[in-house]
>>> print(open('my_file16.tsv').read())   # TSV, C-alpha atoms
chain	number	residue	atom	x	y	z
T	1	MET	CA	-7.45	9.64	42.95
T	2	SER	CA	-7.95	9.63	39.24
T	3	LEU	CA	-4.92	9.87	36.98
T	4	ILE	CA	-3.71	13.27	35.79
T	5	PRO	CA	-3.99	13.56	31.98
T	6	ALA	CA	-0.85	14.68	30.14
T	7	THR	CA	-0.65	16.21	26.66
T	8	ILE	CA	2.62	16.30	24.73
T	9	LEU	CA	2.96	19.32	22.47
T	10	THR	CA	5.53	19.03	19.73
T	11	GLY	CA	6.34	20.90	16.54
T	12	PHE	CA	9.08	22.69	14.71
T	13	LEU	CA	10.42	26.14	15.46
T	14	GLY	CA	8.00	28.86	14.54
T	15	SER	CA	5.05	26.48	14.34
T	16	GLY	CA	3.15	28.36	17.05
T	17	LYS	CA	3.70	26.20	20.13
T	18	THR	CA	4.67	29.21	22.20
T	19	THR	CA	1.53	31.06	21.11
T	20	LEU	CA	-0.62	28.14	22.15
T	21	LEU	CA	1.21	27.79	25.48
T	22	LYS	CA	0.92	31.49	26.27
T	23	ARG	CA	-2.76	31.13	25.74
T	24	LEU	CA	-2.99	28.18	28.11
T	25	LEU	CA	-1.04	30.11	30.71
T	26	SER	CA	-2.92	33.37	30.53
T	27	GLU	CA	-6.46	32.77	29.31
T	28	ALA	CA	-9.37	32.42	31.72
T	29	HIS	CA	-10.32	28.91	30.72
T	30	GLY	CA	-11.15	27.77	34.23
T	31	GLN	CA	-8.79	24.79	34.10
T	32	LYS	CA	-5.72	24.45	36.23
T	33	ILE	CA	-2.98	23.37	33.87
T	34	ALA	CA	0.66	22.70	34.64
T	35	VAL	CA	2.79	23.53	31.61
T	36	ILE	CA	6.20	21.88	31.61
T	37	GLU	CA	8.57	23.66	29.32
T	38	ASN	CA	11.89	22.35	28.11
T	39	GLU	CA	14.56	24.77	29.20
T	40	PHE	CA	16.56	24.43	26.02
T	41	GLY	CA	13.68	25.82	23.97
T	42	GLU	CA	14.84	28.41	21.50
T	43	GLU	CA	11.70	30.44	22.05
T	44	ASN	CA	11.15	30.52	25.77
T	45	ILE	CA	7.87	31.76	27.14
T	46	ASP	CA	9.69	33.57	29.92
T	47	ASN	CA	10.20	36.88	28.18
T	48	ASP	CA	6.54	37.76	28.04
T	49	ILE	CA	4.77	36.12	30.89
T	50	LEU	CA	7.40	34.94	33.26
T	51	VAL	CA	9.87	36.84	35.32
T	52	ALA	CA	13.05	36.02	33.49
T	53	ASP	CA	15.76	35.22	36.04
T	54	THR	CA	13.72	33.63	38.74
T	55	LYS	CA	15.44	30.92	40.75
T	56	GLU	CA	12.13	29.16	41.32
T	57	GLN	CA	11.45	26.47	38.81
T	58	ILE	CA	7.69	26.57	39.22
T	59	ILE	CA	5.76	29.77	38.68
T	60	GLN	CA	2.11	30.33	39.53
T	61	MET	CA	0.10	32.23	36.89
T	62	SER	CA	-2.70	34.68	37.49
T	63	ASN	CA	-5.24	32.30	35.93
T	64	GLY	CA	-4.32	29.49	38.33
T	65	CYS	CA	-2.06	27.66	35.89
T	66	ILE	CA	1.52	26.90	36.74
T	67	CYS	CA	4.55	26.92	34.51
T	68	CYS	CA	7.56	24.82	35.16
T	69	THR	CA	10.83	24.87	33.25
T	70	ILE	CA	12.71	21.58	33.16
T	71	ARG	CA	16.28	21.69	34.32
T	72	GLU	CA	16.50	18.00	35.11
T	73	ASP	CA	14.94	14.99	33.67
T	74	LEU	CA	11.24	14.96	32.76
T	75	ARG	CA	10.61	12.07	35.14
T	76	GLU	CA	11.97	14.02	38.11
T	77	THR	CA	9.92	17.07	37.17
T	78	LEU	CA	6.72	15.01	36.92
T	79	GLN	CA	7.47	13.38	40.27
T	80	LEU	CA	8.16	16.77	41.88
T	81	LEU	CA	4.88	18.21	40.58
T	82	ALA	CA	2.91	15.16	41.73
T	83	ALA	CA	4.49	15.31	45.20
T	84	LYS	CA	3.67	19.02	45.57
T	85	ARG	CA	0.12	18.33	44.44
T	86	ARG	CA	-0.31	15.53	46.99
T	87	LYS	CA	0.92	17.82	49.77
T	88	GLY	CA	-1.55	20.49	48.70
T	89	LEU	CA	1.22	22.94	47.71
T	90	LEU	CA	0.12	23.06	44.05
T	91	ALA	CA	-3.25	22.63	42.40
T	92	PHE	CA	-3.48	21.42	38.82
T	93	ASP	CA	-5.80	19.13	36.89
T	94	ARG	CA	-3.65	18.30	33.91
T	95	VAL	CA	-0.18	18.64	32.43
T	96	VAL	CA	0.96	19.95	29.04
T	97	ILE	CA	4.57	19.16	28.13
T	98	GLU	CA	6.27	21.21	25.46
T	99	THR	CA	9.13	19.44	23.73
T	100	THR	CA	11.89	21.47	22.10
T	101	GLY	CA	11.66	22.11	18.38
T	102	LEU	CA	13.97	19.25	17.43
T	103	ALA	CA	12.86	16.70	19.99
T	104	ASP	CA	11.61	13.24	19.24
T	105	PRO	CA	8.36	12.86	21.21
T	106	GLY	CA	8.93	9.08	21.53
T	107	PRO	CA	11.05	9.05	24.70
T	108	VAL	CA	8.72	11.62	26.29
T	109	ALA	CA	5.74	9.33	25.65
T	110	GLN	CA	7.69	6.30	26.86
T	111	THR	CA	8.33	7.96	30.23
T	112	PHE	CA	4.62	7.54	31.00
T	113	PHE	CA	4.69	3.80	30.38
T	114	MET	CA	8.08	2.76	31.68
T	115	ASP	CA	8.22	4.44	35.02
T	116	GLU	CA	5.88	2.81	37.51
T	117	GLU	CA	5.53	5.83	39.76
T	118	ILE	CA	4.69	8.07	36.78
T	119	ALA	CA	2.26	5.48	35.37
T	120	GLU	CA	0.41	5.37	38.70
T	121	THR	CA	-0.04	9.15	38.76
T	122	TYR	CA	-0.35	10.29	35.15
T	123	LEU	CA	-2.11	9.11	32.04
T	124	ILE	CA	-0.86	10.18	28.64
T	125	ASP	CA	-3.72	11.74	26.72
T	126	SER	CA	-2.28	12.58	23.32
T	127	ILE	CA	0.60	13.89	21.26
T	128	ILE	CA	-0.23	17.07	19.35
T	129	THR	CA	2.04	18.19	16.54
T	130	LEU	CA	2.01	21.75	15.22
T	131	VAL	CA	3.08	22.13	11.61
T	132	ASP	CA	3.98	25.49	10.06
T	133	ALA	CA	2.15	25.37	6.72
T	134	LYS	CA	4.48	27.93	5.15
T	135	HIS	CA	7.76	26.17	5.91
T	136	ALA	CA	6.63	22.58	6.40
T	137	HIS	CA	7.74	21.12	3.07
T	138	GLN	CA	11.26	22.40	3.57
T	139	GLN	CA	11.40	21.25	7.20
T	140	LEU	CA	10.01	17.83	6.33
T	141	ASP	CA	12.53	17.51	3.48
T	142	ASP	CA	15.48	18.53	5.62
T	143	ARG	CA	14.83	17.13	9.06
T	144	GLN	CA	13.92	13.63	10.06
T	145	GLU	CA	12.85	14.97	13.48
T	146	ALA	CA	10.06	16.92	11.78
T	147	ARG	CA	8.89	13.78	9.97
T	148	ARG	CA	8.99	11.78	13.20
T	149	GLN	CA	6.89	14.41	14.97
T	150	VAL	CA	4.23	14.00	12.27
T	151	GLY	CA	4.35	10.21	12.59
T	152	PHE	CA	3.83	10.35	16.36
T	153	ALA	CA	0.87	12.71	16.31
T	154	ASP	CA	-2.66	11.97	17.49
T	155	GLN	CA	-3.72	15.40	16.20
T	156	ILE	CA	-1.98	17.70	13.71
T	157	PHE	CA	-2.60	21.44	13.72
T	158	LEU	CA	-1.51	23.48	10.69
T	159	SER	CA	-0.51	26.99	11.66
T	160	LYS	CA	0.07	29.88	9.21
T	161	ALA	CA	-2.30	28.26	6.72
T	162	ASP	CA	-3.39	31.78	5.71
T	163	LEU	CA	0.09	32.29	4.23
T	164	VAL	CA	-0.26	29.51	1.64
T	165	THR	CA	-2.65	28.93	-1.27
T	166	PRO	CA	-5.44	26.33	-0.99
T	167	ASP	CA	-3.50	24.17	-3.46
T	168	GLU	CA	-0.32	24.35	-1.39
T	169	GLN	CA	-2.26	23.50	1.74
T	170	ASP	CA	-3.92	20.61	-0.04
T	171	ALA	CA	-0.57	19.21	-1.19
T	172	LEU	CA	0.79	19.47	2.35
T	173	VAL	CA	-2.26	17.75	3.86
T	174	HIS	CA	-1.87	14.97	1.29
T	175	ARG	CA	1.76	14.50	2.24
T	176	LEU	CA	1.01	14.47	5.97
T	177	LYS	CA	-1.76	11.88	5.54
T	178	HIS	CA	0.64	9.49	3.88
T	179	MET	CA	2.94	9.78	6.85
T	180	ASN	CA	0.15	9.55	9.40
T	181	PRO	CA	-3.40	8.57	8.40
T	182	ARG	CA	-4.46	8.30	12.07
T	183	ALA	CA	-4.21	11.93	13.04
T	184	PRO	CA	-6.91	14.43	12.08
T	185	ILE	CA	-5.38	17.53	10.44
T	186	LYS	CA	-6.86	20.92	11.18
T	187	ALA	CA	-5.80	24.41	10.12
T	188	VAL	CA	-5.72	26.82	13.08
T	189	HIS	CA	-5.01	30.51	13.54
T	190	PHE	CA	-2.38	31.65	16.01
T	191	GLY	CA	-3.50	29.82	19.09
T	192	GLU	CA	-7.22	30.42	18.51
T	193	VAL	CA	-7.97	26.73	18.63
T	194	PRO	CA	-10.77	25.78	21.09
T	195	LEU	CA	-9.17	24.15	24.11
T	196	ASN	CA	-11.46	21.14	23.92
T	197	GLU	CA	-9.71	20.33	20.63
T	198	VAL	CA	-6.34	20.35	22.38
T	199	LEU	CA	-7.16	18.57	25.63
T	200	ASP	CA	-8.83	15.23	26.34
T	201	LEU	CA	-8.31	13.81	22.86
T	202	ARG	CA	-7.71	10.30	24.28
T	203	GLY	CA	-5.25	9.39	21.57
T	204	PHE	CA	-3.67	6.73	23.75
T	205	ASN	CA	-6.88	5.12	24.95
T	206	LEU	CA	-7.12	1.45	24.17
T	207	ASN	CA	-10.48	1.95	22.50
T	208	THR	CA	-11.99	0.39	19.42
T	209	LYS	CA	-11.85	3.60	17.43
T	210	LEU	CA	-9.21	3.04	14.82
T	211	ASP	CA	-9.50	6.32	13.01
T	212	ILE	CA	-7.81	6.15	9.67
T	213	ASP	CA	-8.34	8.99	7.28
T	214	PRO	CA	-11.04	7.85	4.83
T	215	ASP	CA	-9.27	9.47	1.86
T	216	PHE	CA	-6.23	7.36	2.63
T	217	LEU	CA	-8.33	4.19	2.60
T	218	LYS	CA	-10.07	5.27	-0.58
T	219	GLU	CA	-6.71	5.56	-2.27
T	220	GLU	CA	-5.88	2.14	-0.94
T	221	GLY	CA	-9.06	0.83	-2.49
T	222	ALA	CA	-7.90	2.20	-5.83
T	223	ASP	CA	-5.73	-0.80	-6.46
T	224	ASP	CA	-7.25	-3.43	-4.21
T	225	HIS	CA	-8.77	-5.17	-7.19
T	226	SER	CA	-5.45	-6.06	-8.74
T	227	HIS	CA	-4.82	-8.60	-6.01
T	228	CYS	CA	-8.09	-9.97	-4.79
T	229	ASP	CA	-6.64	-13.41	-4.17
T	230	HIS	CA	-5.89	-12.14	-0.66
T	231	ALA	CA	-8.10	-12.08	2.38
T	232	HIS	CA	-7.51	-8.34	2.37
T	233	GLY	CA	-6.40	-5.70	-0.06
T	234	HIS	CA	-2.88	-4.39	0.10
T	235	CYS	CA	-1.81	-1.28	-1.59
T	236	ASP	CA	1.57	0.25	-2.03
T	237	HIS	CA	1.34	3.37	-0.14
T	238	ASP	CA	4.79	4.33	-0.94
T	239	HIS	CA	3.49	5.35	-4.36
T	240	ASP	CA	0.63	7.59	-5.27
T	241	HIS	CA	-2.06	6.53	-7.68
T	242	GLY	CA	-2.74	9.57	-9.82
T	243	HIS	CA	-6.26	10.52	-8.79
T	244	HIS	CA	-7.19	11.36	-5.24
T	245	HIS	CA	-10.46	12.14	-3.64
T	246	HIS	CA	-10.27	14.87	-1.05
T	247	GLY	CA	-13.48	16.55	-0.06
T	248	HIS	CA	-11.96	19.78	1.16
T	249	ALA	CA	-14.06	22.71	2.13
T	250	HIS	CA	-12.04	25.22	0.16
T	251	GLY	CA	-13.30	24.23	-3.27
T	252	GLU	CA	-12.29	21.31	-5.41
T	253	HIS	CA	-8.69	21.21	-6.39
T	254	CYS	CA	-7.64	20.33	-9.90
T	255	ASP	CA	-7.54	16.60	-10.37
T	256	HIS	CA	-5.69	16.71	-13.64
T	257	PRO	CA	-2.93	14.07	-13.45
T	258	SER	CA	-0.19	16.40	-14.68
T	259	HIS	CA	-1.11	18.94	-12.02
T	260	GLN	CA	-1.32	16.18	-9.47
T	261	HIS	CA	2.12	14.83	-10.29
T	262	GLY	CA	3.70	18.21	-10.09
T	263	ARG	CA	2.47	18.67	-6.57
T	264	HIS	CA	2.54	15.37	-4.81
T	265	HIS	CA	5.23	13.22	-6.24
T	266	HIS	CA	8.58	14.64	-5.36
T	267	HIS	CA	8.48	13.84	-1.64
T	268	ASP	CA	9.44	10.30	-0.79
T	269	ASP	CA	9.38	10.53	2.97
T	270	ASP	CA	11.01	7.93	5.15
T	271	VAL	CA	8.13	8.16	7.63
T	272	LYS	CA	5.39	6.09	6.04
T	273	SER	CA	2.26	4.33	7.09
T	274	PHE	CA	0.34	1.35	5.90
T	275	VAL	CA	-2.82	-0.45	6.84
T	276	TYR	CA	-3.26	-4.21	7.16
T	277	ARG	CA	-6.70	-5.79	7.01
T	278	ALA	CA	-7.83	-9.40	7.20
T	279	GLU	CA	-11.15	-11.15	7.72
T	280	ARG	CA	-9.71	-14.50	8.79
T	281	PRO	CA	-9.05	-14.55	12.54
T	282	PHE	CA	-5.54	-14.42	13.99
T	283	ASP	CA	-3.97	-17.30	15.87
T	284	PRO	CA	-3.20	-15.56	19.21
T	285	ALA	CA	0.07	-17.38	19.96
T	286	LYS	CA	1.48	-16.91	16.45
T	287	LEU	CA	0.53	-13.23	16.41
T	288	GLU	CA	2.06	-12.59	19.82
T	289	ASP	CA	5.34	-14.23	18.78
T	290	PHE	CA	5.45	-12.36	15.48
T	291	LEU	CA	4.64	-8.92	16.92
T	292	GLY	CA	7.13	-9.52	19.74
T	293	ALA	CA	9.87	-10.32	17.22
T	294	ILE	CA	9.01	-7.35	14.98
T	295	VAL	CA	8.99	-4.90	17.87
T	296	ASN	CA	12.28	-6.32	19.06
T	297	ILE	CA	13.97	-5.74	15.71
T	298	TYR	CA	12.21	-2.67	14.35
T	299	GLY	CA	11.01	-1.03	17.59
T	300	PRO	CA	13.21	2.07	17.33
T	301	ARG	CA	11.80	2.74	13.85
T	302	MET	CA	8.18	2.03	14.79
T	303	LEU	CA	6.63	5.33	15.85
T	304	ARG	CA	2.96	4.49	16.46
T	305	TYR	CA	0.93	1.41	15.69
T	306	LYS	CA	-2.56	0.35	16.62
T	307	GLY	CA	-4.99	-2.40	15.77
T	308	VAL	CA	-8.48	-3.71	16.42
T	309	LEU	CA	-8.18	-7.47	15.97
T	310	HIS	CA	-10.37	-10.44	15.25
T	311	MET	CA	-8.84	-13.25	17.33
T	312	LYS	CA	-9.59	-16.94	17.30
T	313	GLY	CA	-11.06	-18.17	20.57
T	314	THR	CA	-12.68	-14.95	21.80
T	315	GLU	CA	-15.97	-13.26	21.02
T	316	ARG	CA	-14.44	-9.91	21.96
T	317	LYS	CA	-12.37	-7.49	19.94
T	318	VAL	CA	-8.72	-7.31	20.93
T	319	ILE	CA	-7.17	-3.87	20.88
T	320	PHE	CA	-3.46	-3.26	20.83
T	321	GLN	CA	-1.24	-0.25	20.35
T	322	GLY	CA	2.33	0.76	20.85
T	323	VAL	CA	5.07	3.36	20.74
T	324	HIS	CA	8.53	2.11	19.73
T	325	GLN	CA	9.20	-1.10	21.68
T	326	LEU	CA	6.36	-0.64	24.14
T	327	MET	CA	3.19	-2.46	23.25
T	328	GLY	CA	-0.04	-2.89	25.21
T	329	SER	CA	-3.23	-4.80	24.50
T	330	ASP	CA	-6.66	-5.18	26.01
T	331	LEU	CA	-9.95	-6.96	25.44
T	332	GLY	CA	-12.55	-4.67	23.94
T	333	PRO	CA	-16.32	-5.13	23.60
T	334	GLU	CA	-17.91	-8.17	21.98
T	335	TRP	CA	-18.37	-8.19	18.22
T	336	ALA	CA	-21.92	-7.06	17.54
T	337	ALA	CA	-24.40	-9.38	15.86
T	338	GLY	CA	-24.08	-8.96	12.12
T	339	GLU	CA	-20.86	-6.94	12.38
T	340	THR	CA	-18.12	-7.97	9.95
T	341	ARG	CA	-15.31	-9.46	12.00
T	342	GLN	CA	-12.22	-7.95	10.52
T	343	SER	CA	-8.75	-7.16	11.84
T	344	LYS	CA	-7.49	-3.73	10.97
T	345	MET	CA	-4.04	-2.42	11.89
T	346	VAL	CA	-2.15	0.75	11.07
T	347	PHE	CA	1.64	1.00	11.31
T	348	ILE	CA	3.53	4.30	11.19
T	349	GLY	CA	7.30	4.18	11.11
T	350	ILE	CA	10.61	4.92	9.44
T	351	GLU	CA	11.38	2.71	6.44
T	352	LEU	CA	9.46	-0.23	7.91
T	353	PRO	CA	9.74	-3.39	5.77
T	354	ARG	CA	6.16	-3.45	4.58
T	355	ASP	CA	6.42	-6.79	2.78
T	356	ILE	CA	7.93	-8.59	5.75
T	357	LEU	CA	5.20	-7.22	8.02
T	358	MET	CA	2.38	-8.02	5.59
T	359	GLN	CA	3.60	-11.57	4.88
T	360	GLY	CA	4.35	-12.21	8.54
T	361	LEU	CA	0.86	-11.08	9.58
T	362	ASP	CA	-0.68	-13.24	6.84
T	363	GLN	CA	1.15	-16.22	8.33
T	364	CYS	CA	-0.34	-15.51	11.76
T	365	LEU	CA	-3.90	-15.99	10.50
T	366	ALA	CA	-5.61	-19.09	11.86
>>> encode(input="my_file16.tsv", output="structure tokens")
Amino acid sequence: MSLIPATILTGFLGSGKTTLLKRLLSEAHGQKIAVIENEFGEENIDNDILVADTKEQIIQMSNGCICCTIREDLRETLQLLAAKRRKGLLAFDRVVIETTGLADPGPVAQTFFMDEEIAETYLIDSIITLVDAKHAHQQLDDRQEARRQVGFADQIFLSKADLVTPDEQDALVHRLKHMNPRAPIKAVHFGEVPLNEVLDLRGFNLNTKLDIDPDFLKEEGADDHSHCDHAHGHCDHDHDHGHHHHGHAHGEHCDHPSHQHGRHHHHDDDVKSFVYRAERPFDPAKLEDFLGAIVNIYGPRMLRYKGVLHMKGTERKVIFQGVHQLMGSDLGPEWAAGETRQSKMVFIGIELPRDILMQGLDQCLA
């Protein structure tokens, strides 16, 4: 039996999660989806689609989907669903888990790695974060949970983008990219996003695709030259560098520095990301010890991290990624002939000590 893919849907109140879920539960998309909804949600789906005071925890929908409200622990709910599926009492091909507005998606993701029974049945596909374009700046300023949700995302959907100006949207996208350069950001209208953009994103696959937003790397390049004595270019991401290059479809925005400063510079978010690159290979033992120590100390503040590594002693790429303290690695394909062998890592976390990480990684090079 192949593993059941699971998608974690997170986002602040009013960001449109319920709209998206209603669509999954009522549209004729031909997929059998089990939606697990956190009971404590402020906006429950029940009112519209579900019979409100039903004693049954699992409700079959007309389109073949099922909806399940969690009254216990997520692990128990996942086990219950899997058991019913094995016995032929329920049919579903995938699971979508909605977290409550203020939830940290980290522990939800960890459930899929830490529990053996869950890991043998389910495979986490991706974490999708919905961001309300109209209220995002305020929410990100006020609530660390909102910033964490952005940091965890494999895909970010902006809802209510029609309620803000192109400039405001641009400033928001810029801010989100600094927190999470891994996740593609896409503006969507009330749940009208094609389902293939929501499901099967494979954000947790140990693959060699290390997608980092190219604009983010371009900015990094802006001050690489000031320290070329290194095997790789660092850049202080915690600060902006005046000009930015965003090729957005909705017309060029003003690149005048004064305009730029007015829009981008007053948010110093605690969720930040940085990229490490090196062409010299890593010493495997040193790197393992260092990453182990870092994860041990900073794990709770490390949201997502991933790398494609050039290791001494193997002709194959080494791929690693993690969530909080949980880290996994795998051998990838061989380096192609003529391909530049370079390690590239992205770290997303809360107030991570960038210098300690950068220097420590430098010291792990062979």
>>> residues_around(input="my_file16.tsv", residues="His324 of chain T", least_positions_apart="4", cutoff="12 Å", atoms="all atoms listed in the file", output="ChimeraX atom specification")
/T:104-110,113-114,148,151-152,292,294-306,328,347-350
>>> closest_residue(input="my_file16.tsv", among="T:Tyr122, T:Phe112, T:Trp335, T:Tyr276", to="Leu81 of chain T", atoms="only C-alpha atoms")
T:Tyr122
>>> residues_around(input="my_file16.tsv", residues="Pro284 of chain T", least_positions_apart="6", cutoff="10 Å", atoms="only C-alpha atoms", output="VMD selection string")
chain T and resid 290 310 to 314 364 to 366
>>> atom_distance(input="my_file16.tsv", atom1="atom CA of Pro5 of chain T", atom2="atom CA of Leu123 of chain T")
4.8 Å
>>> residues_around(input="my_file16.tsv", residues="segment 174-190 of chain T", least_positions_apart="3", cutoff="7 Å", atoms="only C-alpha atoms", output="ChimeraX atom specification")
/T:16,19,150-151,153-161,170-171,193,211-213,216,271-273,348
>>> residues_around(input="my_file16.tsv", residues="Met345 of chain T", least_positions_apart="6", cutoff="10 Å", atoms="only C-alpha atoms", output="list in words")
Leu210, Ile212, Phe274, Val275, Tyr276, Arg277, Ala278, Tyr305, Lys306, Gly307, Val308, Leu309, Ile319, Phe320 and Gln321 of chain T
>>> closest_residue(input="my_file16.tsv", among="T:Ile97, T:Leu163, T:Leu195, T:Leu20", to="Leu74 of chain T", atoms="all atoms listed in the file")
T:Ile97
>>> atom_distance(input="my_file16.tsv", atom1="atom CA of Leu9 of chain T", atom2="atom CA of Pro166 of chain T")
25.9 Å
>>> atom_distance(input="my_file16.tsv", atom1="atom CA of Gln359 of chain T", atom2="atom CA of Lys317 of chain T")
22.3 Å
>>> axis_aligned_box(input="my_file16.tsv", around="segment 138-144 of chain T", padding_each_side="3 Å", output="AutoDock Vina command-line options")
--center_x 12.7 --center_y 18.0 --center_z 6.8 --size_x 11.5 --size_y 14.8 --size_z 12.6
